[in-house]
Amino acid sequence: MLLDPGHNPGNAAHATEINRQVDIGNSHKECDTTGTETDAGYSEAAYTLDVSHRIRDILQGLGATVVLTQDGDRPWGPCVTERAAIGNSAHADAAISVHGDGGPASGSGFHVILPAKVVAGVADNAAIVDPSRRLGLLVRQKFQAATGEPYADYIADQGLDTRSDLGGLNLSTVPKVFIECGNMRNAGDAKRMTDPQWRQRAAQGIADALTAHLTTPAG
């Protein structure tokens, strides 16, 4: 399993490095970004690493091998291209990027981002589009069951968004999705996301989805 905790607490101090353009196949974009935070200053990078650690603990307890793209052990990054490459090199059965959104304060809820088919330049994710959609549907189902969080009411459609502008999805050769666990700019979502007990439920939902992806026959 590949867990990709979005962003890095040190990114803000390394603007030159993270603003460097990288090739995602159909375009170029920044290596990484700083991510968002709650009004009280709880950063997306802190949230994603905490939840990823919780997911890792659950999955390792079930006997899974878990790889993280970063573990708070590097000053910035990695770039989105390297994040994809780590999962590819690990030949992960499934990969998920954990995020918190920075949407309008009036909007709340979670959504799952699926890869659009991108065959351009260095990108060819055609083989993983269908299994990634299956993974994404499981993530949507299991995350909502575990947390009670509604589908986002300000973006996506019924909790699902398909995108072709994310290097982590364009460049992946293993089934992969992103989850925006909630809107950190919304007071209600922020309160939940800063609660360790809620984060444990979020981790359980994601771990349940990854487990189901491996143990439930496709089709």
# chains A, B, ... in the order shown; residues from 1 in each chain; ligands from 1
>>> residues_around(residues="segment 193-200 of chain A", least_positions_apart="6", cutoff="10 Å", atoms="only C-alpha atoms", output="PyMOL selection string")
chain A and resi 38+40+42-44+46-48+50-55+58+100+146-148+181-184+187+206
>>> closest_atom_pairs(of="segment 149-207 of chain A", to="segment 114-132 of chain A", cutoff="7 Å", atoms="only C-alpha atoms", output="Markdown table")
| residue | atom | partner | partner_atom | distance |
| --- | --- | --- | --- | --- |
| A:Asp161 | CA | A:Leu114 | CA | 6.0 |
| A:Thr162 | CA | A:Leu114 | CA | 4.6 |
| A:Arg163 | CA | A:Ala116 | CA | 5.3 |
| A:Ser164 | CA | A:Ala116 | CA | 5.1 |
| A:Leu169 | CA | A:Pro115 | CA | 5.5 |
| A:Asn170 | CA | A:Ala123 | CA | 5.8 |
| A:Leu171 | CA | A:Ala123 | CA | 5.1 |
| A:Ser172 | CA | A:Asn125 | CA | 6.1 |
| A:Thr173 | CA | A:Asn125 | CA | 5.9 |
| A:Val174 | CA | A:Ile128 | CA | 6.1 |
| A:Pro175 | CA | A:Ser132 | CA | 4.6 |
| A:Lys176 | CA | A:Ser132 | CA | 5.3 |
| A:Val177 | CA | A:Leu114 | CA | 5.3 |
| A:Phe178 | CA | A:Leu114 | CA | 6.9 |
>>> write_last_selection(atoms="N, CA, C and O atoms", output="short mmCIF file (atom, residue, chain, number, x, y, z; two decimals), in the first residue's frame")
data_model
loop_
_atom_site.label_atom_id
_atom_site.label_comp_id
_atom_site.auth_asym_id
_atom_site.auth_seq_id
_atom_site.Cartn_x
_atom_site.Cartn_y
_atom_site.Cartn_z
N ASP A 161 -14.85 13.56 -8.11
CA ASP A 161 -14.33 14.53 -9.08
C ASP A 161 -13.28 13.81 -9.91
O ASP A 161 -12.45 13.07 -9.37
N THR A 162 -13.32 13.99 -11.22
CA THR A 162 -12.34 13.37 -12.11
C THR A 162 -11.46 14.47 -12.69
O THR A 162 -11.97 15.43 -13.26
N ARG A 163 -10.13 14.31 -12.54
CA ARG A 163 -9.23 15.39 -12.95
C ARG A 163 -8.03 14.87 -13.74
O ARG A 163 -7.57 13.75 -13.52
N SER A 164 -7.56 15.73 -14.63
CA SER A 164 -6.41 15.39 -15.48
C SER A 164 -5.24 16.33 -15.23
O SER A 164 -4.28 16.33 -16.01
N LEU A 169 -1.71 11.64 -10.12
CA LEU A 169 -2.61 10.71 -10.80
C LEU A 169 -2.18 10.47 -12.25
O LEU A 169 -2.21 9.35 -12.73
N ASN A 170 -1.77 11.53 -12.93
CA ASN A 170 -1.34 11.38 -14.32
C ASN A 170 -0.19 10.40 -14.47
O ASN A 170 -0.12 9.65 -15.44
N LEU A 171 0.74 10.43 -13.52
CA LEU A 171 1.98 9.68 -13.65
C LEU A 171 1.95 8.34 -12.93
O LEU A 171 2.92 7.59 -12.96
N SER A 172 0.85 8.02 -12.29
CA SER A 172 0.77 6.77 -11.54
C SER A 172 0.56 5.58 -12.47
O SER A 172 -0.22 5.66 -13.43
N THR A 173 1.25 4.49 -12.16
CA THR A 173 1.03 3.23 -12.88
C THR A 173 0.38 2.20 -11.95
O THR A 173 0.25 1.03 -12.32
N VAL A 174 -0.02 2.62 -10.76
CA VAL A 174 -0.76 1.77 -9.83
C VAL A 174 -2.09 2.47 -9.52
O VAL A 174 -2.19 3.69 -9.61
N PRO A 175 -3.14 1.73 -9.18
CA PRO A 175 -4.43 2.35 -8.88
C PRO A 175 -4.28 3.40 -7.78
O PRO A 175 -3.72 3.11 -6.72
N LYS A 176 -4.77 4.61 -8.06
CA LYS A 176 -4.54 5.71 -7.12
C LYS A 176 -5.67 6.71 -7.16
O LYS A 176 -6.22 7.02 -8.22
N VAL A 177 -6.02 7.24 -5.99
CA VAL A 177 -6.99 8.32 -5.87
C VAL A 177 -6.48 9.32 -4.84
O VAL A 177 -5.55 9.04 -4.09
N PHE A 178 -7.12 10.49 -4.83
CA PHE A 178 -6.92 11.49 -3.78
C PHE A 178 -8.21 11.53 -2.95
O PHE A 178 -9.29 11.32 -3.49
#
>>> residues_around(residues="Pro150 of chain A", least_positions_apart="2", cutoff="10 Å", atoms="only C-alpha atoms", output="PDB file with all heavy atoms, in the first residue's frame")
ATOM      1  N   SER A 108     -18.768  22.742   2.766  1.00  0.00           N
ATOM      2  CA  SER A 108     -18.282  21.682   3.651  1.00  0.00           C
ATOM      3  C   SER A 108     -18.403  20.329   2.957  1.00  0.00           C
ATOM      4  O   SER A 108     -19.018  20.192   1.902  1.00  0.00           O
ATOM      5  CB  SER A 108     -19.076  21.671   4.965  1.00  0.00           C
ATOM      6  OG  SER A 108     -20.439  21.365   4.720  1.00  0.00           O
ATOM      7  N   GLY A 109     -17.808  19.317   3.576  1.00  0.00           N
ATOM      8  CA  GLY A 109     -17.906  17.963   3.067  1.00  0.00           C
ATOM      9  C   GLY A 109     -16.619  17.467   2.433  1.00  0.00           C
ATOM     10  O   GLY A 109     -15.658  18.210   2.262  1.00  0.00           O
ATOM     11  N   PHE A 110     -16.613  16.168   2.106  1.00  0.00           N
ATOM     12  CA  PHE A 110     -15.426  15.529   1.540  1.00  0.00           C
ATOM     13  C   PHE A 110     -15.677  15.133   0.095  1.00  0.00           C
ATOM     14  O   PHE A 110     -16.814  15.003  -0.347  1.00  0.00           O
ATOM     15  CB  PHE A 110     -15.034  14.291   2.358  1.00  0.00           C
ATOM     16  CG  PHE A 110     -15.813  13.037   2.019  1.00  0.00           C
ATOM     17  CD1 PHE A 110     -15.268  12.082   1.153  1.00  0.00           C
ATOM     18  CD2 PHE A 110     -17.072  12.798   2.541  1.00  0.00           C
ATOM     19  CE1 PHE A 110     -15.982  10.929   0.826  1.00  0.00           C
ATOM     20  CE2 PHE A 110     -17.790  11.655   2.231  1.00  0.00           C
ATOM     21  CZ  PHE A 110     -17.244  10.701   1.363  1.00  0.00           C
ATOM     22  N   HIS A 111     -14.590  14.946  -0.644  1.00  0.00           N
ATOM     23  CA  HIS A 111     -14.721  14.377  -1.980  1.00  0.00           C
ATOM     24  C   HIS A 111     -13.487  13.581  -2.349  1.00  0.00           C
ATOM     25  O   HIS A 111     -12.408  13.779  -1.784  1.00  0.00           O
ATOM     26  CB  HIS A 111     -15.043  15.444  -3.037  1.00  0.00           C
ATOM     27  CG  HIS A 111     -13.959  16.429  -3.323  1.00  0.00           C
ATOM     28  ND1 HIS A 111     -13.631  17.470  -2.491  1.00  0.00           N
ATOM     29  CD2 HIS A 111     -13.112  16.543  -4.390  1.00  0.00           C
ATOM     30  CE1 HIS A 111     -12.658  18.182  -3.019  1.00  0.00           C
ATOM     31  NE2 HIS A 111     -12.312  17.636  -4.175  1.00  0.00           N
ATOM     32  N   ARG A 140     -15.028   6.473  -1.105  1.00  0.00           N
ATOM     33  CA  ARG A 140     -16.199   7.311  -0.826  1.00  0.00           C
ATOM     34  C   ARG A 140     -17.156   6.608   0.140  1.00  0.00           C
ATOM     35  O   ARG A 140     -17.620   7.197   1.120  1.00  0.00           O
ATOM     36  CB  ARG A 140     -16.921   7.651  -2.134  1.00  0.00           C
ATOM     37  CG  ARG A 140     -18.131   8.557  -1.938  1.00  0.00           C
ATOM     38  CD  ARG A 140     -18.839   8.871  -3.239  1.00  0.00           C
ATOM     39  NE  ARG A 140     -19.492   7.700  -3.823  1.00  0.00           N
ATOM     40  CZ  ARG A 140     -20.355   7.758  -4.835  1.00  0.00           C
ATOM     41  NH1 ARG A 140     -20.654   8.932  -5.382  1.00  0.00           N
ATOM     42  NH2 ARG A 140     -20.898   6.652  -5.325  1.00  0.00           N
ATOM     43  N   PHE A 143     -15.293   5.858   3.766  1.00  0.00           N
ATOM     44  CA  PHE A 143     -14.982   7.072   4.515  1.00  0.00           C
ATOM     45  C   PHE A 143     -16.257   7.680   5.084  1.00  0.00           C
ATOM     46  O   PHE A 143     -16.291   8.084   6.253  1.00  0.00           O
ATOM     47  CB  PHE A 143     -14.275   8.078   3.607  1.00  0.00           C
ATOM     48  CG  PHE A 143     -13.801   9.322   4.318  1.00  0.00           C
ATOM     49  CD1 PHE A 143     -12.576   9.326   4.982  1.00  0.00           C
ATOM     50  CD2 PHE A 143     -14.559  10.476   4.330  1.00  0.00           C
ATOM     51  CE1 PHE A 143     -12.132  10.467   5.646  1.00  0.00           C
ATOM     52  CE2 PHE A 143     -14.123  11.620   4.995  1.00  0.00           C
ATOM     53  CZ  PHE A 143     -12.912  11.607   5.652  1.00  0.00           C
ATOM     54  N   GLN A 144     -17.315   7.735   4.285  1.00  0.00           N
ATOM     55  CA  GLN A 144     -18.564   8.296   4.792  1.00  0.00           C
ATOM     56  C   GLN A 144     -19.148   7.438   5.904  1.00  0.00           C
ATOM     57  O   GLN A 144     -19.649   7.954   6.911  1.00  0.00           O
ATOM     58  CB  GLN A 144     -19.581   8.473   3.671  1.00  0.00           C
ATOM     59  CG  GLN A 144     -20.820   9.210   4.135  1.00  0.00           C
ATOM     60  CD  GLN A 144     -21.788   9.514   3.014  1.00  0.00           C
ATOM     61  OE1 GLN A 144     -22.259   8.613   2.354  1.00  0.00           O
ATOM     62  NE2 GLN A 144     -22.076  10.788   2.816  1.00  0.00           N
ATOM     63  N   ALA A 145     -19.061   6.114   5.736  1.00  0.00           N
ATOM     64  CA  ALA A 145     -19.596   5.220   6.768  1.00  0.00           C
ATOM     65  C   ALA A 145     -18.856   5.400   8.089  1.00  0.00           C
ATOM     66  O   ALA A 145     -19.458   5.337   9.163  1.00  0.00           O
ATOM     67  CB  ALA A 145     -19.500   3.773   6.291  1.00  0.00           C
ATOM     68  N   THR A 147     -17.043   8.139   9.141  1.00  0.00           N
ATOM     69  CA  THR A 147     -16.989   9.497   9.693  1.00  0.00           C
ATOM     70  C   THR A 147     -18.331  10.207   9.756  1.00  0.00           C
ATOM     71  O   THR A 147     -18.485  11.153  10.530  1.00  0.00           O
ATOM     72  CB  THR A 147     -16.047  10.379   8.855  1.00  0.00           C
ATOM     73  OG1 THR A 147     -16.592  10.517   7.534  1.00  0.00           O
ATOM     74  CG2 THR A 147     -14.642   9.789   8.781  1.00  0.00           C
ATOM     75  N   GLY A 148     -19.273   9.813   8.901  1.00  0.00           N
ATOM     76  CA  GLY A 148     -20.529  10.543   8.799  1.00  0.00           C
ATOM     77  C   GLY A 148     -20.414  11.840   8.029  1.00  0.00           C
ATOM     78  O   GLY A 148     -21.391  12.591   7.916  1.00  0.00           O
ATOM     79  N   ALA A 152     -19.083  16.704  -0.402  1.00  0.00           N
ATOM     80  CA  ALA A 152     -18.852  18.143  -0.533  1.00  0.00           C
ATOM     81  C   ALA A 152     -20.018  18.809  -1.253  1.00  0.00           C
ATOM     82  O   ALA A 152     -20.519  18.302  -2.260  1.00  0.00           O
ATOM     83  CB  ALA A 152     -17.554  18.394  -1.298  1.00  0.00           C
ATOM     84  N   ASP A 153     -20.428  19.966  -0.731  1.00  0.00           N
ATOM     85  CA  ASP A 153     -21.548  20.699  -1.319  1.00  0.00           C
ATOM     86  C   ASP A 153     -21.085  21.903  -2.142  1.00  0.00           C
ATOM     87  O   ASP A 153     -21.897  22.707  -2.585  1.00  0.00           O
ATOM     88  CB  ASP A 153     -22.527  21.159  -0.236  1.00  0.00           C
ATOM     89  CG  ASP A 153     -21.873  22.039   0.833  1.00  0.00           C
ATOM     90  OD1 ASP A 153     -20.734  22.526   0.612  1.00  0.00           O
ATOM     91  OD2 ASP A 153     -22.490  22.230   1.895  1.00  0.00           O
ATOM     92  N   GLN A 158     -21.611  14.351  -6.149  1.00  0.00           N
ATOM     93  CA  GLN A 158     -21.857  13.204  -5.277  1.00  0.00           C
ATOM     94  C   GLN A 158     -20.539  12.657  -4.698  1.00  0.00           C
ATOM     95  O   GLN A 158     -20.326  11.453  -4.606  1.00  0.00           O
ATOM     96  CB  GLN A 158     -22.603  12.096  -6.038  1.00  0.00           C
ATOM     97  CG  GLN A 158     -24.025  12.464  -6.405  1.00  0.00           C
ATOM     98  CD  GLN A 158     -24.900  12.665  -5.164  1.00  0.00           C
ATOM     99  OE1 GLN A 158     -25.071  11.732  -4.371  1.00  0.00           O
ATOM    100  NE2 GLN A 158     -25.443  13.845  -4.994  1.00  0.00           N
ATOM    101  N   GLY A 159     -19.662  13.597  -4.337  1.00  0.00           N
ATOM    102  CA  GLY A 159     -18.429  13.214  -3.678  1.00  0.00           C
ATOM    103  C   GLY A 159     -17.335  12.708  -4.590  1.00  0.00           C
ATOM    104  O   GLY A 159     -16.303  12.234  -4.102  1.00  0.00           O
ATOM    105  N   GLY A 182     -12.142  16.924   3.973  1.00  0.00           N
ATOM    106  CA  GLY A 182     -13.046  17.964   4.431  1.00  0.00           C
ATOM    107  C   GLY A 182     -12.477  19.302   4.025  1.00  0.00           C
ATOM    108  O   GLY A 182     -11.366  19.373   3.478  1.00  0.00           O
TER     109      GLY A 182
END
>>> closest_residue(among="A:Gly102, A:Pro75, A:Gly167, A:Gly188", to="Ala13 of chain A", atoms="only C-alpha atoms")
A:Pro75
>>> select_by_dssp(residues="segment 7-168 of chain A", states="strand (DSSP E or B)", output="ChimeraX atom specification")
/A:21-23,28-30,37,43,67-68,95-101,110-115,119-120,123-124,151,157,160-163
>>> write_last_selection(atoms="N, CA and C atoms", output="short mmCIF file (atom, residue, chain, number, x, y, z; two decimals), in the first residue's frame")
data_model
loop_
_atom_site.label_atom_id
_atom_site.label_comp_id
_atom_site.auth_asym_id
_atom_site.auth_seq_id
_atom_site.Cartn_x
_atom_site.Cartn_y
_atom_site.Cartn_z
N GLN A 21 8.87 24.14 -11.79
CA GLN A 21 7.92 23.46 -12.67
C GLN A 21 8.39 22.03 -12.95
N VAL A 22 7.45 21.09 -12.90
CA VAL A 22 7.74 19.69 -13.22
C VAL A 22 6.77 19.22 -14.31
N ASP A 23 7.17 18.19 -15.01
CA ASP A 23 6.43 17.67 -16.16
C ASP A 23 5.43 16.62 -15.69
N HIS A 28 2.86 21.35 -17.41
CA HIS A 28 3.84 21.51 -16.34
C HIS A 28 3.16 22.26 -15.20
N LYS A 29 3.54 21.93 -13.97
CA LYS A 29 3.00 22.66 -12.82
C LYS A 29 4.01 22.64 -11.69
N GLU A 30 3.66 23.31 -10.59
CA GLU A 30 4.59 23.43 -9.47
C GLU A 30 4.92 22.05 -8.89
N GLU A 37 -4.81 25.49 5.66
CA GLU A 37 -4.85 25.34 7.12
C GLU A 37 -6.19 25.84 7.62
N SER A 43 -2.38 23.02 10.20
CA SER A 43 -2.01 22.92 8.78
C SER A 43 -2.49 21.61 8.15
N VAL A 67 4.03 1.83 2.49
CA VAL A 67 5.09 2.78 2.14
C VAL A 67 4.50 4.18 2.19
N LEU A 68 5.21 5.14 2.77
CA LEU A 68 4.81 6.55 2.77
C LEU A 68 5.71 7.33 1.82
N ALA A 95 -2.91 3.01 -4.00
CA ALA A 95 -2.27 4.22 -3.47
C ALA A 95 -3.33 5.28 -3.24
N ILE A 96 -3.13 6.06 -2.18
CA ILE A 96 -4.06 7.16 -1.90
C ILE A 96 -3.29 8.36 -1.40
N SER A 97 -3.63 9.52 -1.92
CA SER A 97 -3.10 10.79 -1.45
C SER A 97 -4.11 11.39 -0.48
N VAL A 98 -3.66 11.68 0.73
CA VAL A 98 -4.53 12.20 1.78
C VAL A 98 -4.39 13.71 1.83
N HIS A 99 -5.52 14.43 1.76
CA HIS A 99 -5.51 15.88 1.74
C HIS A 99 -6.65 16.44 2.57
N GLY A 100 -6.57 17.74 2.84
CA GLY A 100 -7.67 18.54 3.34
C GLY A 100 -7.83 19.70 2.38
N ASP A 101 -9.04 20.07 2.08
CA ASP A 101 -9.26 21.09 1.06
C ASP A 101 -9.24 22.50 1.66
N PHE A 110 -16.61 16.17 2.11
CA PHE A 110 -15.43 15.53 1.54
C PHE A 110 -15.68 15.13 0.09
N HIS A 111 -14.59 14.95 -0.64
CA HIS A 111 -14.72 14.38 -1.98
C HIS A 111 -13.49 13.58 -2.35
N VAL A 112 -13.67 12.67 -3.28
CA VAL A 112 -12.62 11.78 -3.76
C VAL A 112 -12.31 12.16 -5.20
N ILE A 113 -11.02 12.27 -5.52
CA ILE A 113 -10.59 12.66 -6.86
C ILE A 113 -10.08 11.44 -7.60
N LEU A 114 -10.65 11.19 -8.77
CA LEU A 114 -10.30 10.05 -9.61
C LEU A 114 -9.44 10.53 -10.78
N PRO A 115 -8.58 9.66 -11.30
CA PRO A 115 -7.77 10.06 -12.45
C PRO A 115 -8.56 10.01 -13.75
N VAL A 119 -2.84 10.21 -21.62
CA VAL A 119 -1.77 9.58 -22.40
C VAL A 119 -1.12 10.71 -23.18
N ALA A 120 -0.06 11.27 -22.59
CA ALA A 120 0.59 12.45 -23.17
C ALA A 120 1.98 12.58 -22.60
N ALA A 123 3.33 10.78 -19.42
CA ALA A 123 2.20 10.19 -18.70
C ALA A 123 1.46 9.17 -19.56
N ASP A 124 1.14 8.05 -18.94
CA ASP A 124 0.24 7.06 -19.54
C ASP A 124 -0.40 6.27 -18.41
N TYR A 151 -21.00 14.37 1.49
CA TYR A 151 -20.30 14.73 0.27
C TYR A 151 -20.16 16.24 0.20
N ASP A 157 -19.21 16.02 -7.74
CA ASP A 157 -20.57 15.55 -7.96
C ASP A 157 -20.77 14.27 -7.16
N LEU A 160 -17.52 12.83 -5.90
CA LEU A 160 -16.52 12.35 -6.85
C LEU A 160 -16.14 13.45 -7.84
N ASP A 161 -14.85 13.56 -8.11
CA ASP A 161 -14.33 14.53 -9.08
C ASP A 161 -13.28 13.81 -9.91
N THR A 162 -13.32 13.99 -11.22
CA THR A 162 -12.34 13.37 -12.11
C THR A 162 -11.46 14.47 -12.69
N ARG A 163 -10.13 14.31 -12.54
CA ARG A 163 -9.23 15.39 -12.95
C ARG A 163 -8.03 14.87 -13.74
#
>>> residues_around(residues="Thr215 of chain A", least_positions_apart="6", cutoff="12 Å", atoms="only C-alpha atoms", output="list in words")
Asp93, Ala94, Leu135, Leu138, Asp208 and Ala209 of chain A
>>> closest_residue(among="A:Leu3, A:Ile24, A:Ala92, A:Ala15", to="Leu214 of chain A", atoms="only C-alpha atoms")
A:Ala92
>>> closest_residue(among="A:Val66, A:Ala203, A:Leu59, A:Ala218", to="Leu137 of chain A", atoms="only C-alpha atoms")
A:Ala218
>>> closest_residue(among="A:Cys31, A:Asn186, A:Gly168, A:Glu180", to="Ala156 of chain A", atoms="only C-alpha atoms")
A:Glu180
>>> select_by_dssp(residues="segment 151-198 of chain A", states="helix (DSSP H, G or I)", output="list in words")
Gly167, Gly168, Leu169, Asn170, Ala187, Gly188, Asp189, Ala190, Lys191, Arg192, Met193, Pro196, Gln197 and Trp198 of chain A
>>> closest_residue(among="A:Leu166, A:Ala207, A:Ala12, A:Ala64", to="Val80 of chain A", atoms="only C-alpha atoms")
A:Leu166
>>> closest_residue(among="A:Gly87, A:Asp165, A:Leu62, A:Gly107", to="Asn26 of chain A", atoms="only C-alpha atoms")
A:Asp165
>>> atom_distance(atom1="atom CA of Pro78 of chain A", atom2="atom CA of Ile18 of chain A")
8.5 Å
>>> decode(residues="segment 172-191 of chain A", atoms="C-alpha atoms", output="mmCIF file, in the first residue's frame")
data_model
loop_
_atom_site.group_PDB
_atom_site.id
_atom_site.type_symbol
_atom_site.label_atom_id
_atom_site.label_comp_id
_atom_site.auth_asym_id
_atom_site.auth_seq_id
_atom_site.Cartn_x
_atom_site.Cartn_y
_atom_site.Cartn_z
ATOM 1 C CA SER A 172 0.768 6.774 -11.538
ATOM 2 C CA THR A 173 1.027 3.231 -12.875
ATOM 3 C CA VAL A 174 -0.762 1.773 -9.826
ATOM 4 C CA PRO A 175 -4.428 2.351 -8.876
ATOM 5 C CA LYS A 176 -4.537 5.708 -7.115
ATOM 6 C CA VAL A 177 -6.993 8.322 -5.872
ATOM 7 C CA PHE A 178 -6.925 11.486 -3.783
ATOM 8 C CA ILE A 179 -9.246 12.195 -0.875
ATOM 9 C CA GLU A 180 -10.040 15.704 0.303
ATOM 10 C CA CYS A 181 -11.251 14.695 3.769
ATOM 11 C CA GLY A 182 -13.046 17.964 4.431
ATOM 12 C CA ASN A 183 -12.802 21.704 3.925
ATOM 13 C CA MET A 184 -10.325 23.105 6.417
ATOM 14 C CA ARG A 185 -11.615 26.639 5.774
ATOM 15 C CA ASN A 186 -15.087 25.662 6.990
ATOM 16 C CA ALA A 187 -15.656 25.986 10.742
ATOM 17 C CA GLY A 188 -17.554 22.721 11.113
ATOM 18 C CA ASP A 189 -15.141 20.636 9.069
ATOM 19 C CA ALA A 190 -12.173 22.284 10.774
ATOM 20 C CA LYS A 191 -13.545 21.379 14.204
#
